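What follows is a set of notes on a single structure, which appears directly below.
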Amino acid sequence: MTLKLNFGDIVRSADVRMLHDMYDVIYDKNWLKSAKNIELYYMYRDLYRSQADLKIIKEHNLRYDITIIPPSMLGREYIKTAGHYHPEVPGTDMSYTEVYQVLEGKATYLLQKINGRKVVDVVVVKAEAGDNVIVPPGYGHITINESSAVLKMANWVCRDFSSVYDPIKELMGGVYYLLDTGFIKNPKYEDVPVIRNLKPANYSDFGFVKGKDMYELVNDIGKLRFLTAPQDFSHLFDRILGK
């Protein structure tokens, strides 16, 4: 597929996630033994439609990205992202959060919260085009494309940090793998809880209306402050998690 994306005033080249980049987190190691190092998915970071938008985005320490995940099977496992956590906001004990919107296709988001090697919560959110999904503080997350169509999704995130990949890599993937037969536990994790299924976060009071392009929040960017100051929005995260 094309490695460039036209978005507003810019043309952005993709960062490409290759199969061998994902070796440690893929379930089907027998399949991997003979698999070629193919392209898996494409990340287009720091997008904006105009210089005026970019100025607003940078002033609020945010970044807007798009990721494209073509349908594929990794042996018996559905194609997925590598998975990552976010670091803590300086001066707090709460990590940064992130918000996704499915632009095309369907996505399965696996969210997991761990304490050491012990998993304390696992959430799955299934989203379709127009849906919004907020990742609460403390949760690692993996996106899975279990459909037969291309998944295109966008995200808003604080631009001041780098994602943390090692905890998921060291445990050979997420707490569950999604295979052609359904979810299966990753034996590297101890005391794995049952999956909780939650709905997308289509919250109009935060500007997240199903089917409304969340990029347009650049014009009401204060609604995204929970991404840079999550410590002030515990009520939002309790709502997402059904507390």
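By order in the structure tokens, chains are A, B, ...; within a chain, residues start at 1; ligands start at 1, following the order shown.
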Write out, as a Markdown table, each residue of region 5-100 of chain A that has an atom at most 10 Å from region 184-208 of chain A, together with the closest pair of atoms and their distance in Å to one decimal, counting only C-alpha atoms, rows going by chain and rising number.
| residue | atom | partner | partner_atom | distance |
| --- | --- | --- | --- | --- |
| A:Tyr27 | CA | A:Asn186 | CA | 8.5 |
| A:Val99 | CA | A:Ala201 | CA | 9.1 |
| A:Tyr100 | CA | A:Ala201 | CA | 9.5 |
Pull N, CA and C atoms from the residues just selected and write them as a JSON list (two decimals), in the first residue's frame.
[["chain", "number", "residue", "atom", "x", "y", "z"],
["A", 27, "TYR", "N", 1.65, -14.58, 19.16],
["A", 27, "TYR", "CA", 1.32, -15.88, 19.76],
["A", 27, "TYR", "C", 1.89, -17.06, 18.99],
["A", 99, "VAL", "N", -6.90, 9.14, 23.35],
["A", 99, "VAL", "CA", -8.24, 8.91, 22.81],
["A", 99, "VAL", "C", -8.12, 8.53, 21.34],
["A", 100, "TYR", "N", -8.89, 7.53, 20.95],
["A", 100, "TYR", "CA", -8.90, 7.02, 19.58],
["A", 100, "TYR", "C", -10.27, 7.25, 18.95]]
inquiry  = Give me, as a list in words, all polymer residues having an atom no more than 10 Å from Ile144 (chain A), counting only C-alpha atoms and skipping those fewer than 4 positions away in the same chain.
reply    =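 Those residues are Ile69, Pro71, Glu77, Tyr78, Ile79, Lys80, Thr81, Ala82, Gly83, Lys106, Ala107, Thr108, Tyr109, Leu110, Lys126, Leu151, Tyr177 and Leu178 of chain A.
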query = Do you know which residues are at most 7 Å from region 37-42 of chain A counting only C-alpha atoms, after dropping those on the same chain fewer than 5 positions away, and could you put them as JSON, numbers by chain?
reply = {"A": [14, 15, 16, 17, 18, 19, 20, 67, 68, 69, 70]}
ask   = Any idea what the distance is between CA of Asp166 (chain A) and CA of Gly138 (chain A)?
value = 14.9 Å
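Here the question is which of A:His84, A:Pro136, A:Val122, A:Arg117 gets nearest to His235 (chain A) using only C-alpha atoms, and that residue is A:Pro136.
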ask   = With distances taken over only C-alpha atoms, which of A:Gly242, A:Lys223, A:Asp9, A:Cys158 is nearest to Leu62 (chain A)?
value = A:Cys158
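Between Val123 (chain A) and the residues A:Ile221, A:Tyr215, A:Ile10, A:Ile142, the shortest atom-to-atom distance, using only C-alpha atoms, involves A:Ile142.
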ask   = Do you know which residues are at most 12 Å from Leu32 (chain A) counting only C-alpha atoms, after dropping those on the same chain fewer than 6 positions away, and could you put them as a ChimeraX atom specification?
value = /A:19-26,38,73-77
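Atom pair CA of Asp220 (chain A) / CA of Thr97 (chain A): separated by 18.5 Å.
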query = Taking only C-alpha atoms into account, which of A:Tyr139, A:Leu217, A:Tyr48, A:Gly174 comes nearest Met94 (chain A)?
reply =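 Ranking A:Tyr139, A:Leu217, A:Tyr48, A:Gly174 by distance to Met94 (chain A), first place goes to A:Tyr139.
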query = Which value, in Å to one decimal, gives the distance between CA of Ser34 (chain A) and CA of Val150 (chain A)?
reply =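 Here the two named atoms are 24.9 Å from each other.
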query = Would you give me, as a VMD selection string, the residues in region 56-126 of chain A that DSSP reads as strand (DSSP E or B)?
reply = chain A and resid 62 to 69 73 to 74 77 to 78 80 84 to 85 88 95 98 to 104 106 to 115 118 to 126
task = Find the residue from A:Asn155, A:Asn61, A:Ser95, A:Asn132 that sits nearest to Ile240 (chain A); use only C-alpha atoms when measuring.
result =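 Distance minimum relative to Ile240 (chain A) lands on A:Asn132.
All residues of region 98-238 of chain A that DSSP, run on the backbone, classes as alpha helix (DSSP H) are Asp166, Pro167, Ile168, Lys169, Glu170, Ser234, His235, Leu236, Phe237 and Asp238 of chain A.
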Just C-alpha atoms for this one: save the residues we selected as a short mmCIF file (atom, residue, chain, number, x, y, z; two decimals), in the first residue's frame.
data_model
loop_
_atom_site.label_atom_id
_atom_site.label_comp_id
_atom_site.auth_asym_id
_atom_site.auth_seq_id
_atom_site.Cartn_x
_atom_site.Cartn_y
_atom_site.Cartn_z
CA ASP A 166 8.94 -3.01 27.16
CA PRO A 167 6.42 -4.24 29.78
CA ILE A 168 4.22 -5.85 27.12
CA LYS A 169 7.20 -7.07 25.10
CA GLU A 170 8.79 -8.70 28.16
CA SER A 234 -10.86 11.12 37.68
CA HIS A 235 -14.63 11.44 37.22
CA LEU A 236 -14.22 10.91 33.47
CA PHE A 237 -12.13 7.78 33.90
CA ASP A 238 -14.52 6.34 36.51
#
query = Pick the closest to Leu171 (chain A) from A:Val135, A:Tyr64, A:Ala127, A:Gly116: which is it, counting only C-alpha atoms?
reply =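 When distances to Leu171 (chain A) are compared using only C-alpha atoms, the smallest one comes from A:Gly116.
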